[in-house]
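Coordinates as given in input_3.txt (compact mmCIF, C-alpha atoms and all ligand atoms):
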# COMPACT_ATOMS: atom_id res chain seq x y z
CA MET A 1 78.53 -10.80 -34.74
CA THR A 2 77.47 -11.43 -38.34
CA ARG A 3 73.86 -10.81 -39.12
CA PRO A 4 71.83 -13.70 -40.51
CA ARG A 5 71.07 -13.57 -44.22
CA ILE A 6 67.40 -13.85 -45.11
CA VAL A 7 66.15 -14.17 -48.65
CA VAL A 8 62.66 -13.01 -49.60
CA PRO A 9 62.06 -14.14 -53.21
CA ARG A 10 59.08 -11.81 -53.53
CA GLY A 11 59.59 -8.72 -51.38
CA LEU A 12 56.87 -7.22 -49.20
CA PRO A 13 55.87 -3.59 -48.57
CA GLU A 14 58.62 -1.72 -46.68
CA ALA A 15 56.37 -1.01 -43.68
CA TRP A 16 55.99 -4.76 -43.11
CA MET A 17 59.68 -5.50 -43.70
CA THR A 18 61.05 -3.07 -41.10
CA PRO A 19 61.54 -5.65 -38.29
CA LEU A 20 63.30 -7.95 -40.73
CA HIS A 21 65.72 -5.26 -41.92
CA ALA A 22 66.43 -4.38 -38.28
CA ALA A 23 67.61 -7.90 -37.48
CA ALA A 24 69.05 -9.37 -40.67
CA ASP A 25 70.84 -8.86 -43.94
CA VAL A 26 67.86 -9.08 -46.32
CA VAL A 27 67.94 -9.86 -50.04
CA ALA A 28 64.48 -9.34 -51.52
CA GLY A 29 63.19 -9.82 -55.05
CA PRO A 30 60.53 -7.65 -56.70
CA GLN A 31 57.05 -7.89 -55.15
CA ASP A 32 55.61 -9.12 -58.45
CA ALA A 33 58.46 -11.50 -59.36
CA VAL A 34 57.27 -14.57 -61.26
CA SER A 35 60.66 -16.27 -61.04
CA LEU A 36 63.74 -15.88 -58.85
CA SER A 37 65.56 -12.61 -59.50
CA ARG A 38 69.32 -12.69 -60.11
CA ALA A 39 70.00 -11.13 -56.72
CA VAL A 40 67.89 -13.77 -54.98
CA GLU A 41 69.55 -16.59 -56.93
CA ALA A 42 72.96 -15.23 -56.01
CA ALA A 43 72.01 -14.97 -52.33
CA LEU A 44 70.53 -18.47 -51.91
CA PRO A 45 73.87 -20.29 -51.32
CA SER A 46 74.55 -18.07 -48.30
CA ALA A 47 70.95 -17.83 -47.03
CA ASP A 48 70.20 -18.79 -43.41
CA GLY A 49 66.46 -18.31 -43.84
CA VAL A 50 63.91 -17.77 -46.56
CA LEU A 51 60.53 -16.05 -46.31
CA THR A 52 58.21 -17.37 -49.00
CA LEU A 53 54.74 -16.77 -50.39
CA LEU A 54 52.44 -19.60 -51.47
CA THR A 55 53.53 -19.04 -55.07
CA GLN A 56 57.11 -20.16 -54.29
CA LYS A 57 57.75 -23.85 -54.78
CA VAL A 58 60.22 -25.07 -52.17
CA ASP A 59 61.29 -28.52 -53.33
CA ALA A 60 64.50 -30.55 -53.09
CA ALA A 61 66.03 -28.65 -56.03
CA PHE A 62 65.35 -25.30 -54.33
CA LEU A 63 66.75 -26.55 -51.01
CA ASP A 64 69.87 -27.87 -52.74
CA ARG A 65 70.59 -24.32 -53.89
CA ALA A 66 70.48 -23.09 -50.29
CA PRO A 67 72.64 -25.54 -48.31
CA ARG A 68 72.96 -23.26 -45.22
CA LEU A 69 69.21 -22.85 -44.83
CA ARG A 70 67.80 -23.37 -41.31
CA VAL A 71 64.23 -22.21 -41.86
CA VAL A 72 61.55 -21.75 -44.51
CA SER A 73 58.86 -19.35 -43.31
CA ASN A 74 55.73 -19.34 -45.46
CA MET A 75 53.52 -16.26 -45.31
CA ALA A 76 50.40 -18.44 -45.58
CA VAL A 77 48.64 -21.02 -43.48
CA GLY A 78 48.77 -23.60 -46.31
CA VAL A 79 52.14 -25.20 -46.98
CA ASP A 80 51.37 -27.32 -50.05
CA ASN A 81 54.02 -25.32 -51.97
CA ILE A 82 56.68 -26.77 -49.66
CA ASP A 83 58.14 -30.27 -49.73
CA LEU A 84 57.97 -30.90 -45.99
CA GLU A 85 59.81 -34.21 -46.19
CA ALA A 86 62.73 -32.68 -48.09
CA CYS A 87 62.90 -29.94 -45.43
CA ALA A 88 62.81 -32.50 -42.59
CA GLN A 89 65.57 -34.55 -44.24
CA ARG A 90 67.79 -31.46 -44.31
CA GLY A 91 66.88 -30.32 -40.80
CA VAL A 92 65.17 -27.18 -42.17
CA ALA A 93 62.34 -25.89 -39.93
CA VAL A 94 59.11 -24.82 -41.62
CA GLY A 95 56.84 -22.05 -40.34
CA HIS A 96 53.40 -20.78 -41.40
CA THR A 97 50.78 -18.24 -40.31
CA PRO A 98 47.75 -19.95 -38.76
CA GLY A 99 45.17 -18.11 -36.67
CA VAL A 100 45.70 -14.54 -37.85
CA LEU A 101 43.84 -15.16 -41.12
CA THR A 102 40.95 -17.22 -39.73
CA ASP A 103 38.39 -14.41 -39.48
CA ALA A 104 39.27 -12.77 -42.79
CA THR A 105 39.01 -16.10 -44.63
CA ALA A 106 35.76 -17.04 -42.89
CA ASP A 107 34.30 -13.61 -43.79
CA LEU A 108 35.24 -14.09 -47.44
CA THR A 109 33.73 -17.58 -47.40
CA MET A 110 30.43 -16.08 -46.24
CA ALA A 111 30.66 -13.33 -48.86
CA LEU A 112 31.08 -15.93 -51.61
CA LEU A 113 28.43 -18.20 -50.14
CA LEU A 114 25.90 -15.35 -49.98
CA SER A 115 26.84 -14.15 -53.43
CA ALA A 116 26.23 -17.59 -54.97
CA ALA A 117 23.13 -18.28 -52.86
CA ARG A 118 21.48 -15.01 -53.90
CA ARG A 119 22.81 -15.18 -57.49
CA LEU A 120 24.46 -11.77 -57.21
CA PRO A 121 26.82 -12.11 -60.21
CA ALA A 122 23.95 -12.88 -62.61
CA ALA A 123 21.62 -10.32 -61.01
CA THR A 124 24.13 -7.45 -60.98
CA ALA A 125 25.30 -8.27 -64.54
CA ASP A 126 21.66 -8.26 -65.72
CA ALA A 127 21.02 -4.91 -64.02
CA ALA A 128 24.09 -3.31 -65.62
CA ALA A 129 23.23 -4.75 -69.03
CA GLY A 130 19.66 -3.36 -69.11
CA ARG A 131 17.97 -6.70 -68.43
CA TRP A 132 16.18 -5.17 -65.42
CA GLY A 133 12.49 -4.95 -66.31
CA PRO A 134 9.58 -4.20 -64.01
CA TRP A 135 9.99 -5.76 -60.56
CA SER A 136 9.24 -9.45 -60.92
CA PRO A 137 8.08 -11.89 -58.24
CA THR A 138 10.06 -14.66 -59.92
CA GLY A 139 13.26 -12.87 -60.93
CA TRP A 140 16.67 -14.08 -59.67
CA LEU A 141 15.29 -16.40 -57.00
CA GLY A 142 17.99 -17.96 -54.85
CA LEU A 143 18.67 -19.96 -51.71
CA GLU A 144 17.72 -18.56 -48.30
CA LEU A 145 20.34 -19.41 -45.67
CA GLY A 146 17.94 -19.73 -42.72
CA GLY A 147 17.01 -23.42 -42.45
CA ALA A 148 19.41 -24.51 -45.21
CA THR A 149 22.12 -27.06 -44.40
CA LEU A 150 25.80 -26.20 -44.60
CA GLY A 151 28.36 -29.02 -44.82
CA ILE A 152 31.83 -28.11 -43.59
CA VAL A 153 34.52 -30.39 -45.00
CA GLY A 154 37.46 -29.93 -42.64
CA PRO A 155 36.29 -28.43 -39.33
CA GLY A 156 39.58 -26.79 -38.35
CA LYS A 157 40.02 -23.15 -37.35
CA ILE A 158 38.60 -21.66 -40.56
CA GLY A 159 35.88 -24.29 -40.99
CA THR A 160 34.73 -23.68 -37.42
CA ALA A 161 34.75 -19.89 -37.90
CA VAL A 162 32.57 -20.35 -41.00
CA ALA A 163 30.22 -22.63 -39.06
CA ARG A 164 29.83 -19.97 -36.36
CA ARG A 165 28.93 -17.33 -38.92
CA ALA A 166 26.57 -19.64 -40.82
CA ALA A 167 24.83 -20.73 -37.59
CA ALA A 168 24.15 -17.04 -36.89
CA PHE A 169 22.38 -16.92 -40.29
CA GLY A 170 20.17 -19.82 -39.15
CA MET A 171 21.92 -22.60 -41.10
CA GLU A 172 22.01 -26.19 -39.86
CA ILE A 173 25.62 -27.35 -39.65
CA LEU A 174 27.08 -30.71 -40.67
CA TYR A 175 30.80 -31.40 -40.63
CA ALA A 176 33.05 -34.19 -41.83
CA HIS A 177 36.49 -34.94 -40.46
CA HIS A 178 38.85 -37.91 -40.65
CA ARG A 179 38.59 -38.36 -36.87
CA ALA A 180 35.80 -37.71 -34.37
CA VAL A 181 35.69 -34.12 -33.09
CA PRO A 182 33.14 -32.60 -30.69
CA PRO A 183 30.40 -30.40 -32.23
CA ILE A 184 32.09 -27.33 -33.73
CA VAL A 185 29.07 -25.16 -32.88
CA PRO A 186 26.05 -26.07 -30.72
CA ASP A 187 23.82 -28.60 -32.53
CA ALA A 188 26.34 -29.21 -35.32
CA GLN A 189 26.42 -32.84 -36.41
CA GLY A 190 29.55 -34.82 -37.36
CA VAL A 191 28.83 -37.15 -40.30
CA SER A 192 30.71 -39.08 -42.98
CA LEU A 193 31.83 -37.17 -46.06
CA ASN A 194 29.34 -39.06 -48.23
CA ALA A 195 26.44 -38.24 -45.89
CA LEU A 196 27.51 -34.59 -45.83
CA LEU A 197 27.66 -34.40 -49.63
CA GLU A 198 24.23 -35.99 -49.93
CA ARG A 199 22.51 -33.84 -47.27
CA ALA A 200 24.05 -30.36 -47.60
CA ASP A 201 22.53 -27.45 -49.53
CA VAL A 202 25.95 -25.80 -49.43
CA VAL A 203 29.27 -27.65 -49.18
CA SER A 204 32.24 -25.57 -48.02
CA LEU A 205 35.81 -26.90 -48.24
CA HIS A 206 38.35 -26.20 -45.47
CA VAL A 207 40.89 -29.03 -45.68
CA PRO A 208 44.57 -28.47 -46.49
CA LEU A 209 45.83 -29.67 -49.88
CA THR A 210 47.68 -32.96 -49.36
CA GLU A 211 47.98 -36.14 -51.39
CA ALA A 212 44.90 -37.38 -49.46
CA THR A 213 42.73 -34.38 -50.38
CA ARG A 214 43.89 -33.75 -53.97
CA GLY A 215 40.84 -34.40 -56.16
CA LEU A 216 38.67 -35.17 -53.09
CA ILE A 217 35.73 -33.48 -54.80
CA ASP A 218 35.75 -35.48 -58.01
CA ALA A 219 32.94 -36.53 -60.38
CA SER A 220 31.71 -39.15 -57.95
CA ALA A 221 31.64 -36.70 -54.99
CA LEU A 222 29.88 -34.08 -57.13
CA GLY A 223 27.43 -36.76 -58.23
CA ARG A 224 26.43 -37.32 -54.60
CA MET A 225 25.54 -33.64 -54.09
CA LYS A 226 22.01 -32.34 -54.58
CA SER A 227 21.47 -30.92 -58.08
CA THR A 228 20.59 -27.59 -56.41
CA ALA A 229 23.59 -27.56 -54.04
CA LEU A 230 26.33 -24.93 -54.01
CA LEU A 231 30.03 -25.73 -53.69
CA VAL A 232 32.23 -23.15 -51.93
CA ASN A 233 36.02 -23.50 -52.06
CA THR A 234 38.25 -21.11 -50.13
CA ALA A 235 40.88 -23.80 -49.38
CA ARG A 236 42.96 -24.90 -52.39
CA GLY A 237 41.95 -25.32 -56.04
CA PRO A 238 43.24 -28.89 -56.65
CA ILE A 239 40.95 -30.28 -53.92
CA VAL A 240 38.28 -30.05 -56.63
CA ASP A 241 38.53 -31.78 -60.01
CA THR A 242 37.98 -28.70 -62.20
CA ASP A 243 36.89 -30.60 -65.33
CA ALA A 244 34.36 -32.61 -63.34
CA LEU A 245 33.06 -29.37 -61.79
CA VAL A 246 32.63 -27.71 -65.21
CA GLN A 247 30.78 -30.78 -66.43
CA ALA A 248 28.49 -31.03 -63.38
CA LEU A 249 27.61 -27.32 -63.58
CA GLY A 250 27.16 -27.37 -67.35
CA GLN A 251 24.80 -30.35 -67.14
CA GLY A 252 22.70 -28.91 -64.33
CA GLU A 253 23.87 -31.54 -61.85
CA LEU A 254 25.00 -28.85 -59.39
CA GLY A 255 23.36 -25.55 -58.45
CA GLY A 256 26.45 -23.34 -58.46
CA ALA A 257 29.98 -22.79 -57.24
CA ALA A 258 31.76 -20.02 -55.38
CA LEU A 259 35.52 -20.26 -55.69
CA ASP A 260 38.32 -18.21 -54.16
CA VAL A 261 40.85 -20.80 -55.30
CA THR A 262 41.05 -22.63 -58.61
CA ASP A 263 43.15 -25.13 -60.48
CA PRO A 264 45.09 -23.69 -62.22
CA GLU A 265 45.82 -20.36 -60.55
CA PRO A 266 45.52 -17.76 -61.93
CA LEU A 267 42.53 -19.11 -63.86
CA PRO A 268 42.91 -17.80 -67.45
CA PRO A 269 40.06 -15.54 -68.67
CA SER A 270 39.24 -18.06 -71.43
CA HIS A 271 38.38 -20.76 -68.89
CA PRO A 272 34.85 -22.22 -69.26
CA LEU A 273 34.10 -21.65 -65.56
CA TYR A 274 33.84 -17.89 -66.18
CA ALA A 275 31.14 -18.43 -68.79
CA LEU A 276 28.77 -20.16 -66.36
CA PRO A 277 26.20 -17.78 -64.82
CA ASN A 278 25.99 -19.75 -61.55
CA VAL A 279 29.69 -19.44 -60.70
CA VAL A 280 31.42 -16.74 -58.61
CA ILE A 281 35.21 -16.59 -58.88
CA ALA A 282 37.53 -14.46 -56.75
CA PRO A 283 41.31 -14.29 -57.29
CA HIS A 284 42.48 -16.03 -54.07
CA ILE A 285 41.70 -13.17 -51.69
CA GLY A 286 40.61 -15.09 -48.57
CA SER A 287 43.10 -13.36 -46.28
CA ALA A 288 43.21 -10.08 -48.21
CA THR A 289 42.41 -7.46 -45.59
CA HIS A 290 44.88 -4.73 -44.58
CA ARG A 291 44.97 -5.98 -40.99
CA THR A 292 45.31 -9.68 -41.75
CA ARG A 293 48.03 -9.36 -44.36
CA ALA A 294 50.11 -7.15 -42.04
CA ARG A 295 49.66 -9.70 -39.24
CA MET A 296 50.64 -12.56 -41.57
CA ALA A 297 53.83 -10.72 -42.51
CA SER A 298 54.59 -10.15 -38.84
CA VAL A 299 54.09 -13.84 -37.93
CA ALA A 300 56.19 -14.93 -40.92
CA ILE A 301 58.98 -12.57 -39.83
CA ASP A 302 58.84 -13.85 -36.23
CA ASN A 303 59.12 -17.41 -37.56
CA VAL A 304 62.06 -16.72 -39.86
CA LEU A 305 63.97 -14.76 -37.22
CA ALA A 306 63.47 -17.56 -34.65
CA GLY A 307 64.57 -20.13 -37.21
CA VAL A 308 67.82 -18.43 -38.16
CA ARG A 309 68.71 -18.24 -34.45
CA GLY A 310 68.00 -21.96 -34.08
CA ALA A 311 65.10 -21.23 -31.68
CA PRO A 312 61.72 -23.02 -31.83
CA LEU A 313 59.43 -21.31 -34.35
CA PRO A 314 56.41 -19.57 -32.77
CA HIS A 315 54.25 -21.17 -35.49
CA ALA A 316 55.97 -24.30 -36.76
CA VAL A 317 54.27 -26.67 -39.19
CA ASP A 318 53.63 -30.00 -37.42
C1 LIG A 401 46.20 -18.68 -48.22
O1 LIG A 401 45.67 -19.32 -49.08
C2 LIG A 401 46.94 -19.24 -47.15
O2 LIG A 401 47.20 -20.45 -47.14
O3 LIG A 401 47.32 -18.48 -46.25
Mind converting the file's structure to structure tokens?
Amino acid sequence: MTRPRIVVPRGLPEAWMTPLHAAADVVAGPQDAVSLSRAVEAALPSADGVLTLLTQKVDAAFLDRAPRLRVVSNMAVGVDNIDLEACAQRGVAVGHTPGVLTDATADLTMALLLSAARRLPAATADAAAGRWGPWSPTGWLGLELGGATLGIVGPGKIGTAVARRAAAFGMEILYAHHRAVPPIVPDAQGVSLNALLERADVVSLHVPLTEATRGLIDASALGRMKSTALLVNTARGPIVDTDALVQALGQGELGGAALDVTDPEPLPPSHPLYALPNVVIAPHIGSATHRTRARMASVAIDNVLAGVRGAPLPHAVD
């Protein structure tokens, strides 16, 4: 029996790839590839499955180069890099990795939230630069989480995991969703997006990037937020209008921002966001723990192997 051919445009560490090599003929590009390698390009016409990262655009043109493809397995929970309609039209199944990265991403959200709330970037930079004088009762004052209000935009798995953590810190929880959902933690209150933006001391984004959420946090949304409020984004960069964010922060209309995702990505070092003292920026590391990344690879491999066999994917995108 011929083994299925699986293309991995950006290869993964060998330890993670072992189950894939055991079951398939694998053609993998370099781990740091920024475009398709020659070997990957040559293998696409005969590929039965492809295992992608969120950096790989899978559009109609890509799919046309792989006419045998039965499955696209994304090693991410977000699938905004994939044209789902083009896949559906061609009968190509799409898989992703929900669940396994929920805790890691919620932990990172809290790390960013705490860092912005307690002004750690400015405080640690001042300490290192010799701007640390005698202990001052008014130095580097920030937001205390106990009693502050957190607004969760998108109370799915990750949003709910963040709410649980924040409730343990004593935060009041609001959440906004396009349909009614029961309280995501005891005493949490479901409200409209506008009410959430107006009432929250911290707004945390947990919606997927779709045409409906692109630019959701624009100048008008930012204008509704308190001038002391913090914006946390561990979802996708284009959900926020970056220029409007720079303007709101620069003009003191917003208290600060903590971003694990930006638009564009990577955010070039010359970008004005880096120059603002009330902004924390991480390089898209929400799921970056040893355990979570290994589990994501494992789920992505299970999906791609099911797909090439024509079996239902364990984690198919709806
Ligand atoms: C990371 O951003 C993911 O979607 O898994």
I'd like the contact shell of Ala282 in chain A - 10 Å cut-off, all atoms listed in the file, skipping same-chain residues fewer than 4 positions apart - returned as a PDB file with C-alpha atoms, keeping the file's coordinate frame.
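Heads up, here's the output in out_20.pdb:
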ATOM      1  CA  LEU A 108      35.240 -14.090 -47.440  1.00  0.00           C
ATOM      2  CA  LEU A 112      31.080 -15.930 -51.610  1.00  0.00           C
ATOM      3  CA  THR A 234      38.250 -21.110 -50.130  1.00  0.00           C
ATOM      4  CA  ALA A 258      31.760 -20.020 -55.380  1.00  0.00           C
ATOM      5  CA  LEU A 259      35.520 -20.260 -55.690  1.00  0.00           C
ATOM      6  CA  ASP A 260      38.320 -18.210 -54.160  1.00  0.00           C
ATOM      7  CA  VAL A 261      40.850 -20.800 -55.300  1.00  0.00           C
ATOM      8  CA  THR A 262      41.050 -22.630 -58.610  1.00  0.00           C
ATOM      9  CA  LEU A 267      42.530 -19.110 -63.860  1.00  0.00           C
ATOM     10  CA  GLY A 286      40.610 -15.090 -48.570  1.00  0.00           C
TER      11      GLY A 286
END
Next on the checklist: If the limit is 10 Å from any atom of ligand LIG 401 (chain A), counting all atoms listed in the file, which residues qualify? Return them as a VMD selection string.
Outcome noted: chain A and resid 53 to 55 74 to 81 96 to 102 105 208 to 209 234 to 237 260 to 261 284 to 288 293 296
Item to check | Between CA of Ala221 in chain A and CA of Ala195 in chain A - distance in Å to one decimal | outcome: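 Answer for the CA of Ala195 in chain A to CA of Ala221 in chain A separation: 10.6 Å.
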Next on the checklist: Just the number, please: distance in Å from CA of Ser227 in chain A to CA of Ala188 in chain A, one decimal.
Outcome noted: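 Calculated distance between CA of Ser227 in chain A and CA of Ala188 in chain A is 23.3 Å.
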Item to check | Residue among A:Val34, A:Ala129, A:Leu313, A:Ala257 lying closest to Thr242 in chain A, counting all atoms listed in the file | outcome: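 Using all atoms listed in the file, Thr242 in chain A sits closest to A:Ala257.
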Item to check | Point-to-point distance in Å for CA of Ala104 in chain A and CA of Arg291 in chain A | outcome: 9.0 Å
Item to check | Residue neighbourhood Gly147 in chain A, 12 Å, all atoms listed in the file, exclusion window fewer than 6 positions, as an NGL selection string | outcome: :A and (166-173 or 200-202)
Checklist entry - Counting only C-alpha atoms, what is within 7 Å of range 153-163 of chain A, bar same-chain residues fewer than 6 positions away, as an NGL selection string? => result :A and (102-103 or 105-106 or 173 or 175-177 or 184-185 or 204-207)
Checklist outcome for this item: If you count all atoms listed in the file, the residue of A:Arg164, A:Lys226, A:His21, A:Arg179 closest to Glu198 in chain A turns out to be A:Lys226
Next on the checklist: I'd like to know which of A:Leu193, A:Leu254, A:Val299, A:Leu245 is closest to Pro272 in chain A, using all atoms listed in the file.
Outcome noted: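 Among the listed residues, A:Leu245 lies closest to Pro272 in chain A.
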Once 3 Å is added on each side, what are the centre and the three edge lengths, in Å to one decimal, of the axis-aligned box enclosing the listed atoms of range 197-211 of chain A? Present them as AutoDock Vina command-line options.
--center_x 35.2 --center_y -30.9 --center_z -48.4 --size_x 31.5 --size_y 16.6 --size_z 11.9
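The closest residue to Glu211 in chain A, picked from A:Asp83, A:Val280, A:Leu63, A:Val181 and counting all atoms listed in the file, is A:Asp83.
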Can you take the partial range 221-244 of chain A, add N, CA and C atoms, and return it as a PDB file, in the frame of the given file?
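For reference, rebuild14.pdb as written:
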ATOM      1  N   ALA A 221      32.073 -37.533 -56.129  1.00  0.00           N
ATOM      2  CA  ALA A 221      31.640 -36.700 -54.990  1.00  0.00           C
ATOM      3  C   ALA A 221      30.594 -35.683 -55.465  1.00  0.00           C
ATOM      4  N   LEU A 222      30.837 -35.068 -56.605  1.00  0.00           N
ATOM      5  CA  LEU A 222      29.880 -34.080 -57.130  1.00  0.00           C
ATOM      6  C   LEU A 222      28.547 -34.751 -57.430  1.00  0.00           C
ATOM      7  N   GLY A 223      28.637 -35.994 -57.910  1.00  0.00           N
ATOM      8  CA  GLY A 223      27.430 -36.760 -58.230  1.00  0.00           C
ATOM      9  C   GLY A 223      26.571 -37.047 -57.010  1.00  0.00           C
ATOM     10  N   ARG A 224      27.200 -37.087 -55.824  1.00  0.00           N
ATOM     11  CA  ARG A 224      26.430 -37.320 -54.600  1.00  0.00           C
ATOM     12  C   ARG A 224      25.682 -36.072 -54.145  1.00  0.00           C
ATOM     13  N   MET A 225      26.152 -34.888 -54.581  1.00  0.00           N
ATOM     14  CA  MET A 225      25.540 -33.640 -54.090  1.00  0.00           C
ATOM     15  C   MET A 225      24.167 -33.424 -54.726  1.00  0.00           C
ATOM     16  N   LYS A 226      23.322 -32.684 -54.021  1.00  0.00           N
ATOM     17  CA  LYS A 226      22.010 -32.340 -54.580  1.00  0.00           C
ATOM     18  C   LYS A 226      22.214 -31.537 -55.866  1.00  0.00           C
ATOM     19  N   SER A 227      21.293 -31.645 -56.803  1.00  0.00           N
ATOM     20  CA  SER A 227      21.470 -30.920 -58.080  1.00  0.00           C
ATOM     21  C   SER A 227      21.277 -29.409 -57.873  1.00  0.00           C
ATOM     22  N   THR A 228      20.753 -29.025 -56.710  1.00  0.00           N
ATOM     23  CA  THR A 228      20.590 -27.590 -56.410  1.00  0.00           C
ATOM     24  C   THR A 228      21.711 -27.069 -55.501  1.00  0.00           C
ATOM     25  N   ALA A 229      22.607 -27.952 -55.065  1.00  0.00           N
ATOM     26  CA  ALA A 229      23.590 -27.560 -54.040  1.00  0.00           C
ATOM     27  C   ALA A 229      24.654 -26.608 -54.595  1.00  0.00           C
ATOM     28  N   LEU A 230      25.239 -25.847 -53.665  1.00  0.00           N
ATOM     29  CA  LEU A 230      26.330 -24.930 -54.010  1.00  0.00           C
ATOM     30  C   LEU A 230      27.622 -25.473 -53.424  1.00  0.00           C
ATOM     31  N   LEU A 231      28.711 -25.333 -54.184  1.00  0.00           N
ATOM     32  CA  LEU A 231      30.030 -25.730 -53.690  1.00  0.00           C
ATOM     33  C   LEU A 231      30.846 -24.466 -53.455  1.00  0.00           C
ATOM     34  N   VAL A 232      31.402 -24.314 -52.250  1.00  0.00           N
ATOM     35  CA  VAL A 232      32.230 -23.150 -51.930  1.00  0.00           C
ATOM     36  C   VAL A 232      33.646 -23.660 -51.652  1.00  0.00           C
ATOM     37  N   ASN A 233      34.631 -23.074 -52.307  1.00  0.00           N
ATOM     38  CA  ASN A 233      36.020 -23.500 -52.060  1.00  0.00           C
ATOM     39  C   ASN A 233      36.891 -22.282 -51.771  1.00  0.00           C
ATOM     40  N   THR A 234      37.291 -22.155 -50.495  1.00  0.00           N
ATOM     41  CA  THR A 234      38.250 -21.110 -50.130  1.00  0.00           C
ATOM     42  C   THR A 234      39.520 -21.773 -49.585  1.00  0.00           C
ATOM     43  N   ALA A 235      39.727 -23.059 -49.919  1.00  0.00           N
ATOM     44  CA  ALA A 235      40.880 -23.800 -49.380  1.00  0.00           C
ATOM     45  C   ALA A 235      42.006 -23.833 -50.427  1.00  0.00           C
ATOM     46  N   ARG A 236      41.978 -24.830 -51.311  1.00  0.00           N
ATOM     47  CA  ARG A 236      42.960 -24.900 -52.390  1.00  0.00           C
ATOM     48  C   ARG A 236      42.277 -25.469 -53.631  1.00  0.00           C
ATOM     49  N   GLY A 237      42.604 -24.931 -54.796  1.00  0.00           N
ATOM     50  CA  GLY A 237      41.950 -25.320 -56.040  1.00  0.00           C
ATOM     51  C   GLY A 237      41.985 -26.818 -56.326  1.00  0.00           C
ATOM     52  N   PRO A 238      43.168 -27.479 -56.235  1.00  0.00           N
ATOM     53  CA  PRO A 238      43.240 -28.890 -56.650  1.00  0.00           C
ATOM     54  C   PRO A 238      42.465 -29.864 -55.764  1.00  0.00           C
ATOM     55  N   ILE A 239      41.816 -29.384 -54.703  1.00  0.00           N
ATOM     56  CA  ILE A 239      40.950 -30.280 -53.920  1.00  0.00           C
ATOM     57  C   ILE A 239      39.729 -30.664 -54.761  1.00  0.00           C
ATOM     58  N   VAL A 240      39.420 -29.793 -55.736  1.00  0.00           N
ATOM     59  CA  VAL A 240      38.280 -30.050 -56.630  1.00  0.00           C
ATOM     60  C   VAL A 240      38.812 -30.428 -58.010  1.00  0.00           C
ATOM     61  N   ASP A 241      38.208 -31.425 -58.623  1.00  0.00           N
ATOM     62  CA  ASP A 241      38.530 -31.780 -60.010  1.00  0.00           C
ATOM     63  C   ASP A 241      37.805 -30.756 -60.903  1.00  0.00           C
ATOM     64  N   THR A 242      38.577 -29.838 -61.473  1.00  0.00           N
ATOM     65  CA  THR A 242      37.980 -28.700 -62.200  1.00  0.00           C
ATOM     66  C   THR A 242      37.141 -29.174 -63.387  1.00  0.00           C
ATOM     67  N   ASP A 243      37.644 -30.140 -64.158  1.00  0.00           N
ATOM     68  CA  ASP A 243      36.890 -30.600 -65.330  1.00  0.00           C
ATOM     69  C   ASP A 243      35.553 -31.211 -64.910  1.00  0.00           C
ATOM     70  N   ALA A 244      35.601 -31.990 -63.831  1.00  0.00           N
ATOM     71  CA  ALA A 244      34.360 -32.610 -63.340  1.00  0.00           C
ATOM     72  C   ALA A 244      33.387 -31.530 -62.875  1.00  0.00           C
TER      73      ALA A 244
END
